[in-house]
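Engineer: Next comes input.pdb, PDB, C-alpha atoms:
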ATOM      1  CA  MET A 184      99.319  81.709  60.909
ATOM      2  CA  VAL A 185      95.608  81.307  61.397
ATOM      3  CA  ARG A 186      96.058  81.165  65.136
ATOM      4  CA  ILE A 187      98.057  84.411  65.160
ATOM      5  CA  ARG A 188      95.358  86.114  63.149
ATOM      6  CA  GLN A 189      92.730  84.859  65.587
ATOM      7  CA  VAL A 190      94.769  86.097  68.544
ATOM      8  CA  ALA A 191      95.233  89.490  66.837
ATOM      9  CA  ILE A 192      91.514  89.805  66.127
ATOM     10  CA  GLY A 193      90.713  88.769  69.711
ATOM     11  CA  LEU A 194      93.155  91.344  71.065
ATOM     12  CA  GLY A 195      91.680  94.007  68.786
ATOM     13  CA  ILE A 196      88.176  93.275  70.047
ATOM     14  CA  VAL A 197      89.305  93.403  73.706
ATOM     15  CA  ILE A 198      91.160  96.697  73.169
ATOM     16  CA  GLY A 199      88.137  98.133  71.346
ATOM     17  CA  LEU A 200      85.780  97.107  74.153
ATOM     18  CA  VAL A 201      88.090  98.571  76.811
ATOM     19  CA  GLY A 202      88.268 101.791  74.779
ATOM     20  CA  VAL A 203      84.474 102.048  74.454
ATOM     21  CA  ILE A 204      83.923 101.315  78.165
ATOM     22  CA  THR A 205      86.587 103.862  79.157
ATOM     23  CA  HIS A 206      85.079 106.455  76.847
ATOM     24  CA  LEU A 207      81.559 105.958  78.182
ATOM     25  CA  SER A 208      82.464 105.808  81.862
ATOM     26  CA  SER A 209      84.924 108.652  82.192
ATOM     27  CA  ASN A 210      83.365 111.705  80.576
ATOM     28  CA  GLU A 211      83.235 113.441  83.949
ATOM     29  CA  GLU A 212      86.806 112.447  84.754
ATOM     30  CA  ARG A 213      87.937 113.895  81.464
ATOM     31  CA  ALA A 214      86.101 117.122  82.238
ATOM     32  CA  VAL A 215      87.937 117.310  85.572
ATOM     33  CA  LYS A 216      91.253 116.563  83.851
ATOM     34  CA  ARG A 217      90.562 119.367  81.400
ATOM     35  CA  GLN A 218      90.258 121.801  84.313
ATOM     36  CA  PHE A 219      93.713 120.746  85.495
ATOM     37  CA  HIS A 220      95.042 121.161  82.002
ATOM     38  CA  ARG A 221      93.602 124.687  81.884
ATOM     39  CA  LEU A 222      94.983 125.502  85.336
ATOM     40  CA  SER A 223      98.406 124.348  84.221
ATOM     41  CA  LYS A 224      98.195 126.276  80.945
ATOM     42  CA  TRP A 225      97.050 129.534  82.509
ATOM     43  CA  VAL A 226      99.520 129.498  85.393
ATOM     44  CA  SER A 227     102.484 128.738  83.119
ATOM     45  CA  LYS A 228     104.272 131.480  81.262
ATOM     46  CA  ASP A 229     107.144 131.669  78.821
ATOM     47  CA  ALA A 230     109.769 134.350  78.433
ATOM     48  CA  GLU A 231     108.072 135.977  75.416
ATOM     49  CA  GLU A 232     104.636 136.338  76.979
ATOM     50  CA  THR A 233     102.997 139.662  76.117
ATOM     51  CA  THR A 234     101.089 141.822  78.608
ATOM     52  CA  LEU A 235      97.881 141.100  76.740
ATOM     53  CA  ALA A 236      98.414 137.339  76.924
ATOM     54  CA  MET A 237      99.233 137.636  80.599
ATOM     55  CA  ALA A 238      96.033 139.601  81.291
ATOM     56  CA  ARG A 239      93.952 137.050  79.396
ATOM     57  CA  LYS A 240      95.531 134.096  81.173
ATOM     58  CA  THR A 241      95.151 135.511  84.674
ATOM     59  CA  GLN A 242      91.537 136.469  83.994
ATOM     60  CA  ASN A 243      90.775 132.991  82.651
ATOM     61  CA  LEU A 244      92.506 131.496  85.683
ATOM     62  CA  GLY A 245      89.997 133.099  88.049
ATOM     63  CA  TRP A 246      87.121 131.443  86.214
ATOM     64  CA  LEU A 247      88.363 128.004  87.243
ATOM     65  CA  PHE A 248      87.654 128.693  90.903
ATOM     66  CA  ALA A 249      84.404 128.827  92.853
ATOM     67  CA  GLU A 250      83.452 131.770  95.043
ATOM     68  CA  ASN A 251      85.416 131.519  98.286
ATOM     69  CA  CYS A 252      87.866 128.870  97.242
ATOM     70  CA  ARG A 253      89.960 127.782 100.205
ATOM     71  CA  PHE A 254      93.747 127.487  99.972
ATOM     72  CA  GLU A 255      95.839 125.727 102.577
ATOM     73  CA  ALA A 256      99.611 125.649 102.400
ATOM     74  CA  GLU A 257     102.087 125.808 105.274
ATOM     75  CA  ALA A 258     105.024 126.779 103.100
ATOM     76  CA  ILE A 259     103.522 129.982 101.713
ATOM     77  CA  PRO A 260     101.628 132.607 103.724
ATOM     78  CA  LEU A 261      98.554 132.549 101.494
ATOM     79  CA  SER A 262      96.187 130.270 103.360
ATOM     80  CA  GLY A 263      92.609 131.507 103.364
ATOM     81  CA  CYS A 264      89.485 131.900 101.261
ATOM     82  CA  TYR A 265      89.607 133.821  98.015
ATOM     83  CA  ALA A 266      87.158 135.039  95.391
ATOM     84  CA  PRO A 267      87.998 134.361  91.706
ATOM     85  CA  GLU A 268      88.935 138.029  91.172
ATOM     86  CA  GLU A 269      91.355 137.912  94.096
ATOM     87  CA  ILE A 270      92.909 134.743  92.704
ATOM     88  CA  SER A 271      93.399 136.434  89.332
ATOM     89  CA  ARG A 272      94.983 139.421  91.040
ATOM     90  CA  TYR A 273      97.351 137.326  93.186
ATOM     91  CA  ALA A 274      98.252 135.171  90.198
ATOM     92  CA  ALA A 275      99.103 138.237  88.115
ATOM     93  CA  LYS A 276     101.290 139.579  90.918
ATOM     94  CA  ALA A 277     103.023 136.236  91.453
ATOM     95  CA  ARG A 278     103.599 135.646  87.739
ATOM     96  CA  LEU A 279     105.268 139.044  87.419
ATOM     97  CA  GLN A 280     108.080 137.776  89.632
ATOM     98  CA  PHE A 281     108.935 135.075  87.104
ATOM     99  CA  SER A 282     110.438 135.317  83.675
ATOM    100  CA  ARG A 283     109.524 131.675  83.064
ATOM    101  CA  LEU A 284     107.078 129.477  84.936
ATOM    102  CA  SER A 285     105.538 126.092  84.375
ATOM    103  CA  LEU A 286     103.058 124.121  86.453
ATOM    104  CA  ARG A 287     102.378 120.492  85.625
ATOM    105  CA  PHE A 288     100.146 117.896  87.248
ATOM    106  CA  TYR A 289     100.948 114.199  87.357
ATOM    107  CA  ASP A 290      99.386 111.039  88.818
ATOM    108  CA  LEU A 291      95.901 112.490  89.050
ATOM    109  CA  ASP A 292      93.790 110.335  91.356
ATOM    110  CA  ILE A 293      90.230 111.425  90.632
ATOM    111  CA  ARG A 294      87.334 110.387  92.883
ATOM    112  CA  LEU A 295      83.883 111.508  91.822
ATOM    113  CA  LEU A 296      81.642 111.921  94.848
ATOM    114  CA  GLU A 297      77.918 112.281  95.240
ATOM    115  CA  GLY A 298      76.187 115.606  94.679
ATOM    116  CA  GLY A 299      78.383 116.782  91.826
ATOM    117  CA  ARG A 300      81.552 116.929  93.871
ATOM    118  CA  GLY A 301      84.995 115.549  93.186
ATOM    119  CA  ARG A 302      88.220 114.979  95.069
ATOM    120  CA  VAL A 303      91.538 114.886  93.271
ATOM    121  CA  VAL A 304      94.956 114.113  94.696
ATOM    122  CA  ALA A 305      97.739 115.032  92.311
ATOM    123  CA  THR A 306     101.439 115.638  92.093
ATOM    124  CA  ALA A 307     102.079 119.269  91.253
ATOM    125  CA  ARG A 308     105.447 120.308  89.910
ATOM    126  CA  ALA A 309     106.267 123.993  89.597
ATOM    127  CA  ARG A 310     109.419 125.008  87.759
ATOM    128  CA  GLY A 311     110.500 128.474  86.893
ATOM    129  CA  LEU A 312     113.105 131.157  86.727
ATOM    130  CA  MET A 313     112.564 134.224  88.861
ATOM    131  CA  ARG A 314     113.522 137.691  87.697
ATOM    132  CA  THR A 315     116.099 137.722  90.500
ATOM    133  CA  GLY A 316     117.791 134.743  88.857
ATOM    134  CA  GLU A 317     116.591 132.270  91.480
ATOM    135  CA  VAL A 318     115.467 128.890  90.169
ATOM    136  CA  LEU A 319     112.202 127.363  91.355
ATOM    137  CA  ASP A 320     111.751 123.606  91.236
ATOM    138  CA  GLU A 321     109.168 122.360  93.711
ATOM    139  CA  THR A 322     107.139 119.174  93.785
ATOM    140  CA  HIS A 323     104.249 118.634  96.178
ATOM    141  CA  GLU A 324     101.256 116.436  96.669
ATOM    142  CA  VAL A 325      98.147 118.583  96.442
ATOM    143  CA  GLU A 326      94.562 117.742  97.288
ATOM    144  CA  PHE A 327      91.772 119.512  95.415
ATOM    145  CA  LEU A 328      88.034 119.532  95.951
ATOM    146  CA  LEU A 329      85.848 120.440  93.005
ATOM    147  CA  GLU A 330      82.188 121.145  92.549
ATOM    148  CA  LYS A 331      80.074 120.925  89.438
ATOM    149  CA  ARG A 332      77.819 123.884  88.735
ATOM    150  CA  ASP A 333      76.020 124.552  85.467
ATOM    151  CA  LYS A 334      77.822 121.631  83.821
ATOM    152  CA  LYS A 335      81.234 123.075  84.736
ATOM    153  CA  TRP A 336      83.742 121.980  87.340
ATOM    154  CA  PHE A 337      85.149 124.578  89.742
ATOM    155  CA  PHE A 338      87.934 124.278  92.284
ATOM    156  CA  THR A 339      86.579 124.859  95.789
ATOM    157  CA  HIS A 340      89.531 123.784  97.939
ATOM    158  CA  CYS A 341      93.277 123.337  97.357
ATOM    159  CA  GLU A 342      95.585 121.983 100.014
ATOM    160  CA  VAL A 343      99.294 121.326  99.802
ATOM    161  CA  ILE A 344      99.910 118.130 101.770
ATOM    162  CA  GLU A 345     102.818 118.423 104.184
ATOM    163  CA  VAL A 346     104.688 115.140 104.347
ATOM    164  CA  LEU A 347     107.172 116.024 107.079
ATOM    165  CA  GLU A 348     106.294 117.843 110.269
ATOM    166  CA  LYS A 349     109.214 119.430 112.095
TER     167      LYS A 349
ATOM    168  CA  MET B  77     125.230  81.783  55.945
ATOM    169  CA  GLY B  78     124.109  80.041  59.156
ATOM    170  CA  VAL B  79     125.449  82.856  61.341
ATOM    171  CA  THR B  80     123.721  85.528  59.254
ATOM    172  CA  ARG B  81     120.489  83.634  59.584
ATOM    173  CA  VAL B  82     120.850  83.396  63.353
ATOM    174  CA  ILE B  83     121.589  87.133  63.619
ATOM    175  CA  ARG B  84     118.662  87.954  61.376
ATOM    176  CA  ARG B  85     116.355  85.747  63.395
ATOM    177  CA  PHE B  86     117.597  87.365  66.592
ATOM    178  CA  PHE B  87     116.855  90.908  65.448
ATOM    179  CA  PHE B  88     113.842  90.138  63.268
ATOM    180  CA  PRO B  89     112.207  87.121  64.893
ATOM    181  CA  ALA B  90     109.270  85.405  63.269
ATOM    182  CA  LEU B  91     105.999  86.543  64.814
ATOM    183  CA  THR B  92     104.946  83.190  66.136
ATOM    184  CA  LEU B  93     102.433  82.779  68.923
ATOM    185  CA  ARG B  94     105.213  81.476  71.144
ATOM    186  CA  PHE B  95     107.322  84.573  70.529
ATOM    187  CA  ILE B  96     104.405  86.926  71.227
ATOM    188  CA  MET B  97     103.628  85.093  74.479
ATOM    189  CA  ARG B  98     107.256  85.219  75.558
ATOM    190  CA  LEU B  99     107.472  88.929  74.732
ATOM    191  CA  ALA B 100     104.283  89.632  76.665
ATOM    192  CA  ILE B 101     105.538  87.738  79.736
ATOM    193  CA  VAL B 102     108.949  89.476  79.694
ATOM    194  CA  THR B 103     107.326  92.912  79.259
ATOM    195  CA  LEU B 104     104.801  92.310  82.030
ATOM    196  CA  THR B 105     107.440  90.943  84.413
ATOM    197  CA  ALA B 106     109.773  93.891  83.758
ATOM    198  CA  TYR B 107     106.913  96.348  84.194
ATOM    199  CA  LEU B 108     105.841  94.803  87.490
ATOM    200  CA  PHE B 109     109.362  94.388  88.825
ATOM    201  CA  PHE B 110     110.768  97.801  87.892
ATOM    202  CA  GLY B 111     107.456  99.630  88.248
ATOM    203  CA  GLN B 112     106.246  98.220  91.553
ATOM    204  CA  ILE B 113     108.937  96.252  93.391
ATOM    205  CA  CYS B 114     112.361  97.616  92.533
ATOM    206  CA  ILE B 115     111.866 101.156  91.290
ATOM    207  CA  PRO B 116     114.849 102.941  89.722
ATOM    208  CA  PHE B 117     115.403 106.503  90.953
ATOM    209  CA  ARG B 118     117.862 109.338  90.644
ATOM    210  CA  VAL B 119     118.885 111.404  93.660
ATOM    211  CA  LYS B 120     118.154 115.105  93.268
ATOM    212  CA  GLY B 121     119.440 117.529  95.857
ATOM    213  CA  TYR B 122     122.038 117.597  98.598
ATOM    214  CA  SER B 123     120.192 116.715 101.801
ATOM    215  CA  MET B 124     121.595 113.159 102.019
ATOM    216  CA  GLU B 125     125.234 114.023 101.326
ATOM    217  CA  PRO B 126     127.756 112.510 101.764
ATOM    218  CA  THR B 127     125.875 109.164 101.740
ATOM    219  CA  TYR B 128     123.959 109.963  98.536
ATOM    220  CA  ARG B 129     125.057 112.673  96.163
ATOM    221  CA  ASP B 130     123.086 114.701  93.676
ATOM    222  CA  GLY B 131     122.651 112.633  90.515
ATOM    223  CA  ASP B 132     123.325 109.209  92.118
ATOM    224  CA  LEU B 133     121.312 106.316  90.734
ATOM    225  CA  SER B 134     119.794 103.562  92.831
ATOM    226  CA  PHE B 135     116.726 101.361  93.171
ATOM    227  CA  CYS B 136     113.976 101.623  95.757
ATOM    228  CA  TRP B 137     113.337  98.141  97.152
ATOM    229  CA  ARG B 138     109.696  98.220  98.108
ATOM    230  CA  LEU B 139     109.663  94.927  99.995
ATOM    231  CA  ARG B 140     112.213  96.209 102.546
ATOM    232  CA  TYR B 141     109.555  96.920 105.163
ATOM    233  CA  ALA B 142     106.978  94.364 104.132
ATOM    234  CA  LEU B 143     107.612  92.238 107.221
ATOM    235  CA  SER B 144     109.388  94.531 109.674
ATOM    236  CA  PRO B 145     109.067  98.218 110.536
ATOM    237  CA  PRO B 146     111.878 100.700 109.840
ATOM    238  CA  GLU B 147     114.604 100.942 112.469
ATOM    239  CA  ARG B 148     116.813 103.787 113.618
ATOM    240  CA  HIS B 149     119.592 104.694 111.146
ATOM    241  CA  ASP B 150     117.762 103.060 108.206
ATOM    242  CA  VAL B 151     117.691 105.100 105.025
ATOM    243  CA  VAL B 152     114.108 105.126 103.786
ATOM    244  CA  ALA B 153     112.211 106.383 100.774
ATOM    245  CA  VAL B 154     109.271 108.512 101.889
ATOM    246  CA  ARG B 155     106.516 109.054  99.340
ATOM    247  CA  LEU B 156     106.390 112.798  98.719
ATOM    248  CA  ALA B 157     103.842 112.878  95.916
ATOM    249  CA  GLY B 158     102.154 110.483  93.520
ATOM    250  CA  HIS B 159     103.904 107.211  92.760
ATOM    251  CA  ARG B 160     107.183 108.563  91.509
ATOM    252  CA  VAL B 161     108.498 111.252  93.834
ATOM    253  CA  PHE B 162     110.270 110.109  96.996
ATOM    254  CA  LEU B 163     112.245 111.798  99.721
ATOM    255  CA  LEU B 164     115.367 109.922 100.744
ATOM    256  CA  LYS B 165     115.910 110.349 104.494
ATOM    257  CA  ARG B 166     117.381 108.579 107.499
ATOM    258  CA  VAL B 167     115.239 107.410 110.407
ATOM    259  CA  VAL B 168     116.504 108.910 113.675
ATOM    260  CA  GLY B 169     113.466 108.556 115.933
ATOM    261  CA  LEU B 170     110.757 105.954 116.384
ATOM    262  CA  GLN B 171     107.198 106.340 117.645
ATOM    263  CA  GLY B 172     106.863 107.462 121.249
ATOM    264  CA  GLU B 173     110.454 108.733 121.433
ATOM    265  CA  HIS B 174     111.484 112.344 122.047
ATOM    266  CA  VAL B 175     113.852 113.706 119.425
ATOM    267  CA  GLU B 176     115.925 116.864 119.744
ATOM    268  CA  PHE B 177     119.052 118.491 118.361
ATOM    269  CA  CYS B 178     121.289 120.210 120.851
ATOM    270  CA  HIS B 179     124.443 122.040 119.673
ATOM    271  CA  GLY B 180     124.774 119.721 116.704
ATOM    272  CA  GLU B 181     124.076 116.488 118.511
ATOM    273  CA  LEU B 182     121.127 114.185 118.059
ATOM    274  CA  ILE B 183     119.468 113.400 121.372
ATOM    275  CA  VAL B 184     116.762 110.760 121.618
ATOM    276  CA  ASP B 185     114.982 110.357 124.955
ATOM    277  CA  GLY B 186     117.830 112.244 126.607
ATOM    278  CA  ILE B 187     120.553 109.975 125.201
ATOM    279  CA  LYS B 188     123.095 111.187 122.692
ATOM    280  CA  ILE B 189     123.009 109.134 119.485
ATOM    281  CA  GLU B 190     126.211 108.568 117.519
ATOM    282  CA  GLU B 191     125.817 109.316 113.817
ATOM    283  CA  PRO B 192     128.876 108.120 111.897
ATOM    284  CA  TYR B 193     127.207 108.947 108.563
ATOM    285  CA  VAL B 194     127.191 112.695 109.316
ATOM    286  CA  SER B 195     130.322 114.466 108.145
ATOM    287  CA  GLY B 196     131.725 117.333 110.155
ATOM    288  CA  PRO B 197     130.294 119.288 113.060
ATOM    289  CA  TYR B 198     127.045 121.219 112.758
ATOM    290  CA  ASP B 199     125.176 123.560 115.053
ATOM    291  CA  TRP B 200     121.531 122.640 114.850
ATOM    292  CA  ASN B 201     119.325 123.345 117.841
ATOM    293  CA  LEU B 202     115.781 122.034 117.939
ATOM    294  CA  GLY B 203     113.686 121.520 121.048
ATOM    295  CA  ALA B 204     112.474 118.057 122.004
ATOM    296  CA  ARG B 205     109.402 116.802 120.226
ATOM    297  CA  ALA B 206     107.501 113.553 120.645
ATOM    298  CA  VAL B 207     107.180 111.238 117.676
ATOM    299  CA  LYS B 208     103.483 110.472 117.213
ATOM    300  CA  LYS B 209     102.008 106.990 117.078
ATOM    301  CA  GLY B 210     102.480 105.390 113.660
ATOM    302  CA  CYS B 211     105.207 107.881 112.738
ATOM    303  CA  VAL B 212     108.992 108.009 112.517
ATOM    304  CA  TYR B 213     111.309 111.003 112.637
ATOM    305  CA  VAL B 214     113.468 111.338 109.532
ATOM    306  CA  VAL B 215     116.387 113.646 108.753
ATOM    307  CA  GLY B 216     118.906 113.921 105.935
ATOM    308  CA  ASP B 217     122.593 113.210 106.524
ATOM    309  CA  ASN B 218     123.732 116.636 105.350
ATOM    310  CA  ARG B 219     123.658 118.753 108.506
ATOM    311  CA  ASN B 220     126.076 121.345 107.127
ATOM    312  CA  MET B 221     123.207 123.204 105.533
ATOM    313  CA  PRO B 222     121.141 125.562 107.727
ATOM    314  CA  MET B 223     118.400 123.761 109.611
ATOM    315  CA  GLU B 224     115.767 126.104 108.155
ATOM    316  CA  ASN B 225     116.652 124.993 104.625
ATOM    317  CA  HIS B 226     116.670 121.300 105.459
ATOM    318  CA  TYR B 227     113.372 119.480 104.964
ATOM    319  CA  PHE B 228     112.983 117.012 107.820
ATOM    320  CA  GLY B 229     110.518 115.940 110.482
ATOM    321  CA  GLN B 230     108.112 113.216 111.410
ATOM    322  CA  THR B 231     106.077 111.333 108.895
ATOM    323  CA  SER B 232     103.629 108.463 108.883
ATOM    324  CA  VAL B 233     105.169 104.997 108.502
ATOM    325  CA  GLN B 234     102.545 104.403 105.817
ATOM    326  CA  ARG B 235     104.321 106.936 103.625
ATOM    327  CA  ILE B 236     107.522 104.891 103.700
ATOM    328  CA  VAL B 237     107.579 102.954 100.475
ATOM    329  CA  GLY B 238     110.875 101.107 100.919
ATOM    330  CA  GLY B 239     114.581 101.650 101.063
ATOM    331  CA  PRO B 240     117.405 102.081  98.572
ATOM    332  CA  LEU B 241     119.151  98.912  97.396
ATOM    333  CA  TRP B 242     122.577 100.462  98.012
TER     334      TRP B 242
END
Render the structure in this file as structure tokens.
Structural biologist:
Amino acid sequence: MVRIRQVAIGLGIVIGLVGVITHLSSNEERAVKRQFHRLSKWVSKDAEETTLAMARKTQNLGWLFAENCRFEAEAIPLSGCYAPEEISRYAAKARLQFSRLSLRFYDLDIRLLEGGRGRVVATARARGLMRTGEVLDETHEVEFLLEKRDKKWFFTHCEVIEVLEK
Amino acid sequence: MGVTRVIRRFFFPALTLRFIMRLAIVTLTAYLFFGQICIPFRVKGYSMEPTYRDGDLSFCWRLRYALSPPERHDVVAVRLAGHRVFLLKRVVGLQGEHVEFCHGELIVDGIKIEEPYVSGPYDWNLGARAVKKGCVYVVGDNRNMPMENHYFGQTSVQRIVGGPLW
């Protein structure tokens, strides 16, 4: 019994140490993750969303992006550089086509680079129901570049990685 | 009385050090085996019909190409995003070869390739394209769908994570 208690105490100490180290070392990573959480929250919409909520979400969405954020995606004709206001406008237009929409990010691989920059490769899954009745269910690997300005992280580049090239 | 005791001990084992060690080893082994070596997956979509149908269950054997590269007609799992999303496709062209579809026939380096796994005639036409170094050309078995809606093409061998067990 004594040995089990010792093992349990030992395990507790190890877990505690790992927790403290993780907490101290990944404040920036958590800040980056929070931006993805916000992006996901503000892109997603449910069927009962009001016009006011939609306006607030799309406006907030623009604030996540830096001036001249670059988008690259072969599948959709939207590649180019956009200002935050343009992103808000496009997002509002795109969201109107959906009665339900959800965007989730998985497997975030966050690399913090020098000079307040970060590179994140993530799995993005978009699911939704269009007003036309069409169902959207797309999964892609997406690469993001972020920059830290005034203690906040902004998206500067988003690229949908094409796995197969016809 | 003895049987009841055995059953009770089976479902509510004493928390001995030996039991905890055994539990830890079994959990770790299962996690490594089913998380890294033999990953369970469910087929979603129709691009590999009739070989694999929507909803089929299988395992991705990640050691399949540990010692040898993929060969023509192999079904491979291509990493689409993150660690959990794969594309299931069949290799039809290897690096340096020229792949084309002509009136529903697969032509590689000018030679018609028999594809017994494809059901029924199809009418795909795609000009010849060279498979780049370090890449393979992959296509799904379901050629009855329009070519424009079928996601296929060349991909890096490095993206191939294994093959299905069955």
Engineer: Just say which residues the PyMOL selection byres ((chain A) within 7 of (chain B)) picks in this file, as an MDAnalysis selection string.
Structural biologist: chainID A and resid 187 290 305:306 323:324 346:349
Engineer: Quick one: axis-aligned box around all listed atoms of range 265-276 of chain A, 6 Å on every side, centre and edge lengths in Å to one decimal, written as lines of an AutoDock Vina configuration file.
Structural biologist:
center_x = 94.2
center_y = 136.7
center_z = 93.1
size_x = 26.1
size_y = 17.8
size_z = 21.9
Engineer: Smallest atom-to-atom distance to Leu286 in chain A: which of A:Tyr265, A:Phe219, A:Phe337, A:Phe327, using only C-alpha atoms?
Structural biologist: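 Checking each candidate against Leu286 in chain A, we get A:Phe219 as the closest.
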Engineer: Pick out the residues sitting within 6 Å of Ala256 in chain A, and hand them over as a ChimeraX atom specification; count only C-alpha atoms, and ignore anything fewer than 6 positions along from it in its own chain.
Structural biologist: /A:262,342-343
Engineer: CA of Leu139 in chain B to CA of Ala206 in chain B: how many Å, to one decimal?
Structural biologist: 27.9 Å
Engineer: Of the residues B:Leu164, B:Ala142, B:Val119, B:Cys178, which is the one nearest to Asp199 in chain B, using all atoms listed in the file?
Structural biologist: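 Under the stated criterion, the closest residue is B:Cys178.
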Engineer: For the provided coordinates, the residues matched by the PyMOL selection byres ((chain B and resi 102-116) around 10) should be stated as a PDB file with C-alpha atoms, keeping the file's coordinate frame.
Structural biologist:
ATOM      1  CA  ILE B  96     104.405  86.926  71.227  1.00  0.00           C
ATOM      2  CA  MET B  97     103.628  85.093  74.479  1.00  0.00           C
ATOM      3  CA  ARG B  98     107.256  85.219  75.558  1.00  0.00           C
ATOM      4  CA  LEU B  99     107.472  88.929  74.732  1.00  0.00           C
ATOM      5  CA  ALA B 100     104.283  89.632  76.665  1.00  0.00           C
ATOM      6  CA  ILE B 101     105.538  87.738  79.736  1.00  0.00           C
ATOM      7  CA  PHE B 117     115.403 106.503  90.953  1.00  0.00           C
ATOM      8  CA  ARG B 118     117.862 109.338  90.644  1.00  0.00           C
ATOM      9  CA  LEU B 133     121.312 106.316  90.734  1.00  0.00           C
ATOM     10  CA  SER B 134     119.794 103.562  92.831  1.00  0.00           C
ATOM     11  CA  PHE B 135     116.726 101.361  93.171  1.00  0.00           C
ATOM     12  CA  CYS B 136     113.976 101.623  95.757  1.00  0.00           C
ATOM     13  CA  TRP B 137     113.337  98.141  97.152  1.00  0.00           C
ATOM     14  CA  ARG B 138     109.696  98.220  98.108  1.00  0.00           C
ATOM     15  CA  LEU B 139     109.663  94.927  99.995  1.00  0.00           C
ATOM     16  CA  ARG B 140     112.213  96.209 102.546  1.00  0.00           C
ATOM     17  CA  HIS B 159     103.904 107.211  92.760  1.00  0.00           C
ATOM     18  CA  ARG B 160     107.183 108.563  91.509  1.00  0.00           C
ATOM     19  CA  VAL B 237     107.579 102.954 100.475  1.00  0.00           C
ATOM     20  CA  GLY B 238     110.875 101.107 100.919  1.00  0.00           C
ATOM     21  CA  GLY B 239     114.581 101.650 101.063  1.00  0.00           C
ATOM     22  CA  PRO B 240     117.405 102.081  98.572  1.00  0.00           C
ATOM     23  CA  LEU B 241     119.151  98.912  97.396  1.00  0.00           C
TER      24      LEU B 241
END
Engineer: One decimal, Å: what's the distance from CA of Tyr128 in chain B over to CA of Val152 in chain B, could you say?
Structural biologist: 12.2 Å
Engineer: Give as a ChimeraX atom specification the set of residues within 10 Å of the point (96.9, 127.4, 83.8), where distances use the file's coordinates and all atoms listed in the file.
Structural biologist: /A:218-228,240-241,243-245,247,285-287
Engineer: N, CA and C atoms for range 229-240 of chain B, written as a short mmCIF file (atom, residue, chain, number, x, y, z; two decimals), in the coordinates of the input, could you do that?
Structural biologist:
data_model
loop_
_atom_site.label_atom_id
_atom_site.label_comp_id
_atom_site.auth_asym_id
_atom_site.auth_seq_id
_atom_site.Cartn_x
_atom_site.Cartn_y
_atom_site.Cartn_z
N GLY B 229 111.59 115.96 109.50
CA GLY B 229 110.52 115.94 110.48
C GLY B 229 109.89 114.57 110.59
N GLN B 230 108.74 114.53 111.26
CA GLN B 230 108.11 113.22 111.41
C GLN B 230 107.09 112.98 110.30
N THR B 231 107.00 111.71 109.96
CA THR B 231 106.08 111.33 108.90
C THR B 231 105.45 109.98 109.23
N SER B 232 104.32 109.73 108.64
CA SER B 232 103.63 108.46 108.88
C SER B 232 104.43 107.30 108.28
N VAL B 233 104.48 106.19 109.00
CA VAL B 233 105.17 105.00 108.50
C VAL B 233 104.54 104.53 107.18
N GLN B 234 103.25 104.82 107.04
CA GLN B 234 102.54 104.40 105.82
C GLN B 234 103.09 105.09 104.57
N ARG B 235 103.76 106.21 104.77
CA ARG B 235 104.32 106.94 103.62
C ARG B 235 105.67 106.36 103.21
N ILE B 236 106.22 105.48 104.05
CA ILE B 236 107.52 104.89 103.70
C ILE B 236 107.28 103.77 102.69
N VAL B 237 107.86 103.92 101.53
CA VAL B 237 107.58 102.95 100.48
C VAL B 237 108.68 101.92 100.32
N GLY B 238 109.79 102.08 101.02
CA GLY B 238 110.88 101.11 100.92
C GLY B 238 112.19 101.76 101.25
N GLY B 239 113.25 101.11 100.82
CA GLY B 239 114.58 101.65 101.06
C GLY B 239 115.45 101.46 99.84
N PRO B 240 116.54 102.24 99.74
CA PRO B 240 117.40 102.08 98.57
C PRO B 240 118.17 100.76 98.62
#
